[in-house]
>>> print(open('structure31.csv').read())   # CSV, N, CA and C atoms
chain,number,residue,atom,x,y,z
A,450,MET,N,107.1,101.7,188.2
A,450,MET,CA,108.1,101.7,187.2
A,450,MET,C,107.5,102.1,185.8
A,451,LYS,N,106.3,101.6,185.5
A,451,LYS,CA,105.8,101.8,184.2
A,451,LYS,C,105.4,103.2,184.0
A,452,LYS,N,105.0,104.0,185.0
A,452,LYS,CA,104.7,105.4,184.9
A,452,LYS,C,105.9,106.2,184.5
A,453,LYS,N,107.0,105.9,185.1
A,453,LYS,CA,108.3,106.6,184.8
A,453,LYS,C,108.7,106.4,183.4
A,454,GLU,N,108.6,105.1,182.9
A,454,GLU,CA,109.0,104.8,181.5
A,454,GLU,C,108.2,105.6,180.5
A,455,LYS,N,106.9,105.7,180.8
A,455,LYS,CA,106.0,106.4,179.9
A,455,LYS,C,106.3,107.9,179.9
A,456,GLU,N,106.7,108.5,181.0
A,456,GLU,CA,107.1,109.9,181.1
A,456,GLU,C,108.4,110.1,180.3
A,457,VAL,N,109.3,109.2,180.4
A,457,VAL,CA,110.6,109.3,179.7
A,457,VAL,C,110.3,109.3,178.2
A,458,LYS,N,109.5,108.4,177.8
A,458,LYS,CA,109.2,108.2,176.3
A,458,LYS,C,108.5,109.5,175.8
A,459,ARG,N,107.6,110.1,176.6
A,459,ARG,CA,106.9,111.3,176.2
A,459,ARG,C,107.9,112.5,176.1
A,460,SER,N,108.8,112.6,177.0
A,460,SER,CA,109.7,113.7,177.0
A,460,SER,C,110.7,113.6,175.8
A,461,ASN,N,111.1,112.3,175.5
A,461,ASN,CA,112.0,112.1,174.3
A,461,ASN,C,111.3,112.5,173.0
A,462,PHE,N,110.0,112.2,172.9
A,462,PHE,CA,109.2,112.5,171.8
A,462,PHE,C,109.0,114.1,171.7
A,463,SER,N,108.8,114.7,172.8
A,463,SER,CA,108.7,116.2,172.8
A,463,SER,C,109.9,116.9,172.4
A,464,ALA,N,111.1,116.4,172.8
A,464,ALA,CA,112.4,116.9,172.5
A,464,ALA,C,112.6,116.8,171.0
A,465,LEU,N,112.3,115.6,170.5
A,465,LEU,CA,112.5,115.3,169.0
A,465,LEU,C,111.6,116.2,168.2
A,466,ALA,N,110.3,116.4,168.6
A,466,ALA,CA,109.4,117.3,167.9
A,466,ALA,C,109.9,118.7,167.9
A,467,LEU,N,110.5,119.1,169.0
A,467,LEU,CA,111.0,120.5,169.2
A,467,LEU,C,112.2,120.7,168.3
A,468,VAL,N,113.1,119.7,168.2
A,468,VAL,CA,114.3,119.8,167.3
A,468,VAL,C,113.8,119.9,165.9
A,469,LEU,N,112.9,119.0,165.5
A,469,LEU,CA,112.4,119.0,164.1
A,469,LEU,C,111.7,120.3,163.8
A,470,ALA,N,110.9,120.8,164.6
A,470,ALA,CA,110.3,122.1,164.4
A,470,ALA,C,111.3,123.2,164.2
A,471,ALA,N,112.4,123.2,165.0
A,471,ALA,CA,113.4,124.2,164.9
A,471,ALA,C,114.2,124.1,163.6
A,472,PHE,N,114.4,122.9,163.2
A,472,PHE,CA,115.1,122.6,161.9
A,472,PHE,C,114.2,123.2,160.7
A,473,VAL,N,112.9,122.9,160.8
A,473,VAL,CA,112.0,123.4,159.7
A,473,VAL,C,112.0,124.9,159.7
A,474,VAL,N,111.9,125.6,160.8
A,474,VAL,CA,111.9,127.0,160.9
A,474,VAL,C,113.2,127.6,160.4
A,475,ALA,N,114.3,127.0,160.8
A,475,ALA,CA,115.7,127.5,160.4
A,475,ALA,C,115.8,127.3,158.9
A,476,SER,N,115.4,126.2,158.3
A,476,SER,CA,115.5,126.0,156.8
A,476,SER,C,114.7,127.0,156.1
A,477,PHE,N,113.5,127.3,156.6
A,477,PHE,CA,112.6,128.3,155.9
A,477,PHE,C,113.3,129.7,156.0
A,478,PHE,N,113.9,130.0,157.1
A,478,PHE,CA,114.6,131.3,157.3
A,478,PHE,C,115.7,131.4,156.3
A,479,PHE,N,116.6,130.4,156.2
A,479,PHE,CA,117.7,130.4,155.3
A,479,PHE,C,117.2,130.6,153.8
A,480,MET,N,116.2,129.9,153.4
A,480,MET,CA,115.7,129.9,152.1
A,480,MET,C,115.1,131.3,151.7
A,481,VAL,N,114.4,131.9,152.6
A,481,VAL,CA,113.6,133.1,152.3
A,481,VAL,C,114.4,134.4,152.6
A,482,PHE,N,115.1,134.4,153.7
A,482,PHE,CA,115.7,135.7,154.1
A,482,PHE,C,117.2,135.9,153.8
A,483,LEU,N,117.9,134.8,153.4
A,483,LEU,CA,119.3,135.0,153.1
A,483,LEU,C,119.4,135.0,151.6
A,484,ASP,N,120.4,135.7,151.2
A,484,ASP,CA,120.7,135.9,149.8
A,484,ASP,C,121.6,134.7,149.3
A,485,ILE,N,121.0,133.6,148.9
A,485,ILE,CA,121.8,132.5,148.5
A,485,ILE,C,122.2,132.6,147.0
A,486,PRO,N,123.5,132.5,146.7
A,486,PRO,CA,123.9,132.7,145.3
A,486,PRO,C,123.4,131.6,144.4
A,487,GLU,N,123.2,131.9,143.2
A,487,GLU,CA,122.7,131.0,142.2
A,487,GLU,C,123.6,131.0,141.0
A,488,VAL,N,123.5,129.9,140.2
A,488,VAL,CA,124.1,129.8,138.9
A,488,VAL,C,122.9,129.7,137.9
A,489,GLU,N,122.9,130.6,137.0
A,489,GLU,CA,121.8,130.6,135.9
A,489,GLU,C,122.3,129.7,134.8
A,490,ILE,N,121.4,128.7,134.4
A,490,ILE,CA,121.7,127.8,133.3
A,490,ILE,C,120.8,128.2,132.2
A,491,ILE,N,121.4,128.6,131.1
A,491,ILE,CA,120.6,129.0,129.9
A,491,ILE,C,120.9,128.1,128.8
A,492,SER,N,119.9,127.4,128.2
A,492,SER,CA,120.1,126.4,127.2
A,492,SER,C,119.7,127.1,125.8
A,493,PHE,N,120.5,126.8,124.8
A,493,PHE,CA,120.2,127.3,123.5
A,493,PHE,C,120.5,126.2,122.5
A,494,SER,N,119.5,125.9,121.7
A,494,SER,CA,119.7,124.9,120.6
A,494,SER,C,118.9,125.4,119.4
A,495,GLY,N,119.3,125.0,118.3
A,495,GLY,CA,118.7,125.4,117.0
A,495,GLY,C,119.5,126.4,116.3
A,496,SER,N,118.9,127.0,115.3
A,496,SER,CA,119.5,128.0,114.4
A,496,SER,C,119.5,129.4,115.1
A,497,LEU,N,120.6,130.1,114.8
A,497,LEU,CA,120.7,131.5,115.3
A,497,LEU,C,119.9,132.4,114.3
A,498,SER,N,118.7,132.8,114.7
A,498,SER,CA,117.9,133.7,113.9
A,498,SER,C,117.7,134.9,114.7
A,499,ALA,N,117.0,135.9,114.1
A,499,ALA,CA,116.7,137.1,114.8
A,499,ALA,C,115.8,136.8,116.0
A,500,GLU,N,114.9,136.0,115.8
A,500,GLU,CA,113.9,135.6,116.9
A,500,GLU,C,114.6,134.9,118.0
A,501,SER,N,115.3,133.8,117.7
A,501,SER,CA,116.0,133.0,118.7
A,501,SER,C,117.1,133.8,119.4
A,502,GLY,N,117.8,134.6,118.6
A,502,GLY,CA,118.9,135.5,119.2
A,502,GLY,C,118.3,136.5,120.2
A,503,ASN,N,117.2,137.1,119.8
A,503,ASN,CA,116.5,138.0,120.7
A,503,ASN,C,116.1,137.4,122.1
A,504,ALA,N,115.6,136.2,122.0
A,504,ALA,CA,115.2,135.4,123.2
A,504,ALA,C,116.4,135.1,124.0
A,505,LEU,N,117.5,134.7,123.4
A,505,LEU,CA,118.7,134.4,124.1
A,505,LEU,C,119.3,135.6,124.7
A,506,GLU,N,119.3,136.7,124.0
A,506,GLU,CA,119.8,138.0,124.6
A,506,GLU,C,119.0,138.4,125.8
A,507,LYS,N,117.7,138.2,125.8
A,507,LYS,CA,116.9,138.6,126.9
A,507,LYS,C,117.2,137.7,128.1
A,508,ALA,N,117.4,136.4,127.9
A,508,ALA,CA,117.7,135.5,129.0
A,508,ALA,C,119.1,135.8,129.6
A,509,ILE,N,120.0,136.2,128.8
A,509,ILE,CA,121.4,136.6,129.3
A,509,ILE,C,121.3,137.9,130.0
A,510,ALA,N,120.5,138.8,129.5
A,510,ALA,CA,120.3,140.1,130.2
A,510,ALA,C,119.7,140.0,131.6
A,511,ALA,N,118.7,139.1,131.6
A,511,ALA,CA,118.0,138.8,132.9
A,511,ALA,C,118.9,138.2,133.9
A,512,ALA,N,119.8,137.3,133.5
A,512,ALA,CA,120.7,136.7,134.4
A,512,ALA,C,121.8,137.7,134.8
A,513,GLU,N,122.2,138.6,133.9
A,513,GLU,CA,123.1,139.6,134.2
A,513,GLU,C,122.6,140.6,135.2
A,514,ASP,N,121.4,141.0,135.2
A,514,ASP,CA,120.8,141.9,136.1
A,514,ASP,C,120.4,141.3,137.4
A,515,ASP,N,120.2,140.0,137.5
A,515,ASP,CA,119.8,139.4,138.8
A,515,ASP,C,121.0,139.3,139.7
A,516,LYS,N,120.8,140.0,140.9
A,516,LYS,CA,121.9,140.1,141.8
A,516,LYS,C,122.2,138.7,142.5
A,517,LYS,N,121.2,137.8,142.5
A,517,LYS,CA,121.5,136.5,143.1
A,517,LYS,C,122.3,135.6,142.2
A,518,VAL,N,122.3,135.9,140.9
A,518,VAL,CA,123.0,135.0,140.0
A,518,VAL,C,124.5,135.5,140.0
A,519,LYS,N,125.3,134.5,140.4
A,519,LYS,CA,126.8,134.8,140.5
A,519,LYS,C,127.6,134.3,139.3
A,520,ALA,N,127.0,133.4,138.5
A,520,ALA,CA,127.6,132.9,137.3
A,520,ALA,C,126.6,132.4,136.3
A,521,ILE,N,127.0,132.4,135.0
A,521,ILE,CA,126.0,132.0,134.0
A,521,ILE,C,126.7,130.8,133.3
A,522,VAL,N,125.9,129.7,133.1
A,522,VAL,CA,126.3,128.6,132.2
A,522,VAL,C,125.4,128.6,131.0
A,523,LEU,N,126.0,128.7,129.8
A,523,LEU,CA,125.3,128.8,128.6
A,523,LEU,C,125.5,127.4,127.9
A,524,GLN,N,124.4,126.6,127.8
A,524,GLN,CA,124.5,125.3,127.1
A,524,GLN,C,124.2,125.6,125.6
A,525,VAL,N,125.1,125.2,124.7
A,525,VAL,CA,125.0,125.5,123.3
A,525,VAL,C,124.9,124.2,122.5
A,526,ASN,N,123.9,124.1,121.7
A,526,ASN,CA,123.7,123.0,120.7
A,526,ASN,C,123.2,123.6,119.4
A,527,SER,N,124.0,124.1,118.6
A,527,SER,CA,123.6,124.9,117.4
A,527,SER,C,124.5,124.7,116.3
A,528,GLY,N,124.0,124.7,115.1
A,528,GLY,CA,124.8,124.6,113.9
A,528,GLY,C,125.1,126.0,113.4
A,529,GLY,N,124.8,127.0,114.1
A,529,GLY,CA,125.0,128.4,113.7
A,529,GLY,C,123.8,129.1,113.1
A,530,GLY,N,124.1,130.1,112.3
A,530,GLY,CA,123.0,130.8,111.7
A,530,GLY,C,123.4,132.2,111.3
A,531,SER,N,122.7,133.2,111.7
A,531,SER,CA,123.0,134.6,111.3
A,531,SER,C,124.3,135.1,112.0
A,532,ALA,N,125.2,135.6,111.1
A,532,ALA,CA,126.4,136.1,111.6
A,532,ALA,C,126.2,137.4,112.5
A,533,THR,N,125.2,138.2,112.1
A,533,THR,CA,124.9,139.4,112.9
A,533,THR,C,124.4,139.0,114.3
A,534,VAL,N,123.5,138.1,114.4
A,534,VAL,CA,123.0,137.6,115.7
A,534,VAL,C,124.1,137.1,116.5
A,535,ALA,N,125.0,136.2,115.9
A,535,ALA,CA,126.1,135.7,116.7
A,535,ALA,C,127.1,136.8,117.2
A,536,GLU,N,127.3,137.8,116.4
A,536,GLU,CA,128.2,138.9,116.8
A,536,GLU,C,127.6,139.7,118.0
A,537,ASN,N,126.2,139.9,117.9
A,537,ASN,CA,125.6,140.6,119.0
A,537,ASN,C,125.6,139.9,120.3
A,538,ILE,N,125.4,138.6,120.2
A,538,ILE,CA,125.5,137.8,121.4
A,538,ILE,C,126.9,137.7,122.0
A,539,TYR,N,127.8,137.5,121.0
A,539,TYR,CA,129.3,137.5,121.4
A,539,TYR,C,129.7,138.8,122.2
A,540,LEU,N,129.3,139.9,121.7
A,540,LEU,CA,129.6,141.2,122.3
A,540,LEU,C,128.9,141.3,123.7
A,541,HIS,N,127.7,140.9,123.7
A,541,HIS,CA,126.9,140.9,125.0
A,541,HIS,C,127.6,140.0,126.0
A,542,LEU,N,128.0,138.8,125.6
A,542,LEU,CA,128.7,137.9,126.6
A,542,LEU,C,130.0,138.5,127.0
A,543,LEU,N,130.7,139.2,126.2
A,543,LEU,CA,132.0,139.8,126.6
A,543,LEU,C,131.7,140.9,127.7
A,544,HIS,N,130.6,141.6,127.5
A,544,HIS,CA,130.2,142.6,128.5
A,544,HIS,C,129.8,142.0,129.8
A,545,VAL,N,129.1,140.9,129.7
A,545,VAL,CA,128.6,140.2,130.9
A,545,VAL,C,129.7,139.6,131.7
A,546,LYS,N,130.7,139.0,131.0
A,546,LYS,CA,131.8,138.3,131.7
A,546,LYS,C,132.7,139.3,132.5
A,547,LYS,N,132.6,140.6,132.3
A,547,LYS,CA,133.3,141.5,133.1
A,547,LYS,C,132.7,141.6,134.5
A,548,LYS,N,131.4,141.2,134.6
A,548,LYS,CA,130.6,141.3,135.9
A,548,LYS,C,130.6,139.9,136.6
A,549,LYS,N,130.4,138.9,135.9
A,549,LYS,CA,130.3,137.5,136.5
A,549,LYS,C,130.8,136.5,135.5
A,550,PRO,N,131.3,135.4,136.0
A,550,PRO,CA,131.8,134.3,135.1
A,550,PRO,C,130.7,133.8,134.1
A,551,VAL,N,131.2,133.5,132.9
A,551,VAL,CA,130.3,132.9,131.9
A,551,VAL,C,131.0,131.6,131.4
A,552,VAL,N,130.3,130.5,131.6
A,552,VAL,CA,130.8,129.2,131.2
A,552,VAL,C,130.0,128.7,130.1
A,553,ILE,N,130.7,128.2,129.1
A,553,ILE,CA,130.0,127.6,127.9
A,553,ILE,C,130.1,126.1,128.0
A,554,ALA,N,129.0,125.4,127.8
A,554,ALA,CA,128.9,124.0,127.7
A,554,ALA,C,128.4,123.6,126.4
A,555,ILE,N,129.2,123.0,125.5
A,555,ILE,CA,128.8,122.6,124.2
A,555,ILE,C,128.3,121.2,124.2
A,556,ALA,N,127.1,121.0,123.7
A,556,ALA,CA,126.4,119.7,123.7
A,556,ALA,C,126.9,118.9,122.5
A,557,ASP,N,126.0,118.7,121.5
A,557,ASP,CA,126.4,118.0,120.4
A,557,ASP,C,127.2,118.7,119.4
A,558,GLN,N,126.9,120.0,119.2
A,558,GLN,CA,127.6,120.8,118.2
A,558,GLN,C,127.5,122.3,118.5
A,559,ALA,N,128.5,123.0,118.0
A,559,ALA,CA,128.5,124.5,118.0
A,559,ALA,C,129.4,124.9,116.9
A,560,THR,N,128.8,125.0,115.7
A,560,THR,CA,129.5,125.3,114.5
A,560,THR,C,129.2,126.7,114.1
A,561,SER,N,130.0,127.3,113.3
A,561,SER,CA,129.8,128.6,112.7
A,561,SER,C,129.6,129.7,113.8
A,562,GLY,N,128.5,130.4,113.7
A,562,GLY,CA,128.2,131.4,114.6
A,562,GLY,C,128.1,131.0,116.1
A,563,ALA,N,127.6,129.8,116.3
A,563,ALA,CA,127.5,129.2,117.6
A,563,ALA,C,128.9,129.0,118.3
A,564,TYR,N,129.8,128.6,117.4
A,564,TYR,CA,131.2,128.4,117.9
A,564,TYR,C,131.8,129.8,118.2
A,565,TYR,N,131.5,130.8,117.4
A,565,TYR,CA,132.0,132.1,117.5
A,565,TYR,C,131.5,132.7,118.9
A,566,LEU,N,130.2,132.7,119.1
A,566,LEU,CA,129.7,133.3,120.4
A,566,LEU,C,130.2,132.5,121.6
A,567,SER,N,130.5,131.2,121.4
A,567,SER,CA,131.0,130.4,122.6
A,567,SER,C,132.4,130.9,123.0
A,568,LEU,N,133.1,131.5,122.1
A,568,LEU,CA,134.5,132.0,122.4
A,568,LEU,C,134.5,133.2,123.4
A,569,ALA,N,133.3,133.8,123.7
A,569,ALA,CA,133.2,134.9,124.6
A,569,ALA,C,133.2,134.4,126.1
A,570,GLY,N,133.1,133.1,126.3
A,570,GLY,CA,133.0,132.6,127.7
A,570,GLY,C,134.3,132.6,128.4
A,571,ASN,N,134.3,132.6,129.7
A,571,ASN,CA,135.5,132.4,130.5
A,571,ASN,C,136.1,131.0,130.3
A,572,ARG,N,135.3,130.0,130.2
A,572,ARG,CA,135.7,128.6,130.0
A,572,ARG,C,134.7,128.0,129.1
A,573,ILE,N,135.2,127.0,128.3
A,573,ILE,CA,134.4,126.3,127.4
A,573,ILE,C,134.6,124.8,127.7
A,574,PHE,N,133.5,124.1,127.9
A,574,PHE,CA,133.5,122.6,128.1
A,574,PHE,C,132.9,121.9,126.9
A,575,VAL,N,133.6,121.0,126.4
A,575,VAL,CA,133.1,120.2,125.2
A,575,VAL,C,133.3,118.7,125.4
A,576,ARG,N,132.3,118.0,125.0
A,576,ARG,CA,132.4,116.5,125.1
A,576,ARG,C,133.3,116.1,124.0
A,577,PRO,N,134.0,115.0,124.1
A,577,PRO,CA,134.9,114.5,123.0
A,577,PRO,C,134.1,114.2,121.8
A,578,SER,N,132.8,113.8,121.9
A,578,SER,CA,132.0,113.4,120.7
A,578,SER,C,131.4,114.7,120.0
A,579,SER,N,131.6,115.9,120.6
A,579,SER,CA,131.0,117.1,120.0
A,579,SER,C,131.7,117.5,118.7
>>> encode(input="structure31.csv", output="structure tokens")
Amino acid sequence: MKKKEKEVKRSNFSALALVLAAFVVASFFFMVFLDIPEVEIISFSGSLSAESGNALEKAIAAAEDDKKVKAIVLQVNSGGGSATVAENIYLHLLHVKKKKPVVIAIADQATSGAYYLSLAGNRIFVRPSS
């Protein structure tokens, strides 16, 4: 009787190991070979200057060109700044939202130019304390 019990326990362990190995291989396959959609989260805080605006435009353009990215979330926490920079980002976001959804999430503040560029999003989410 004891020999049969040991054989049964070994076969259960082998089956479990086989199932676990199949799960690991399948997970790897899905992560590497399938085109899993993504949401790009871009955070912006601080003043809208030529330098910060350029960095923000590059991040938006990269998300726009990435085929895996199906939507963009722009987190804004800014008191504004350059009107020209805000206008350029606003126009860029209007162009991007024709291709994929743009969602604006306002953190503590979005005043002046930051509020203006936020208006280009498909949806705007604001906390009551903002």
>>> closest_residue(input="structure31.csv", among="A:Ile491, A:Leu469, A:Leu540, A:Ala510", to="A:Ile555", atoms="only C-alpha atoms")
A:Ile491
>>> residues_around(input="structure31.csv", residues="A:Thr560", least_positions_apart="6", cutoff="8 Å", atoms="only C-alpha atoms", output="number ranges by chain")
A: 527-529
>>> axis_aligned_box(input="structure31.csv", around="stretch 495-503 of chain A", padding_each_side="8 Å", output="lines of an AutoDock Vina configuration file")
center_x = 117.3
center_y = 131.5
center_z = 118.0
size_x = 22.8
size_y = 29.0
size_z = 24.2
>>> closest_residue(input="structure31.csv", among="A:Tyr539, A:Val534, A:Ile553, A:Leu467", to="A:Ser501", atoms="all atoms listed in the file")
A:Val534
>>> atom_distance(input="structure31.csv", atom1="atom CA of A:Lys546", atom2="atom CA of A:Ala559")
19.7 Å
>>> atom_distance(input="structure31.csv", atom1="atom CA of A:Ala511", atom2="atom CA of A:Val575")
25.2 Å
>>> residues_around(input="structure31.csv", residues="A:Gly562", least_positions_apart="6", cutoff="7 Å", atoms="all atoms listed in the file", output="PyMOL selection string")
chain A and resi 528-532+535-536
>>> residues_around(input="structure31.csv", residues="A:Val552", least_positions_apart="4", cutoff="6 Å", atoms="only N, CA and C atoms", output="PyMOL selection string")
chain A and resi 521-523+570-573
>>> closest_residue(input="structure31.csv", among="A:Ile538, A:Leu566, A:Ala470, A:Ala512", to="A:Glu489", atoms="only C-alpha atoms")
A:Ala512
>>> closest_residue(input="structure31.csv", among="A:Leu568, A:Ile509, A:Val473, A:Ala520", to="A:Pro550", atoms="only C-alpha atoms")
A:Ala520
>>> residues_around(input="structure31.csv", residues="A:Val525", least_positions_apart="3", cutoff="5 Å", atoms="all atoms listed in the file", output="count of residues only")
4
>>> closest_residue(input="structure31.csv", among="A:Ala475, A:Ile485, A:Ser498, A:Val551", to="A:Lys516", atoms="all atoms listed in the file")
A:Ile485
>>> atom_distance(input="structure31.csv", atom1="atom CA of A:Val474", atom2="atom CA of A:Val488")
25.3 Å
>>> closest_residue(input="structure31.csv", among="A:Arg576, A:Glu487, A:Gly502, A:Val468", to="A:Lys519", atoms="only N, CA and C atoms")
A:Glu487
>>> select_by_dssp(input="structure31.csv", residues="stretch 457-571 of chain A", states="helix (DSSP H, G or I)", output="PyMOL selection string")
chain A and resi 457-482+499-514+532-545+562-567
>>> select_by_dssp(input="structure31.csv", residues="chain A", states="strand (DSSP E or B)", output="MDAnalysis selection string")
chainID A and resid 487:494 497 518:527 530 551:559 572:575
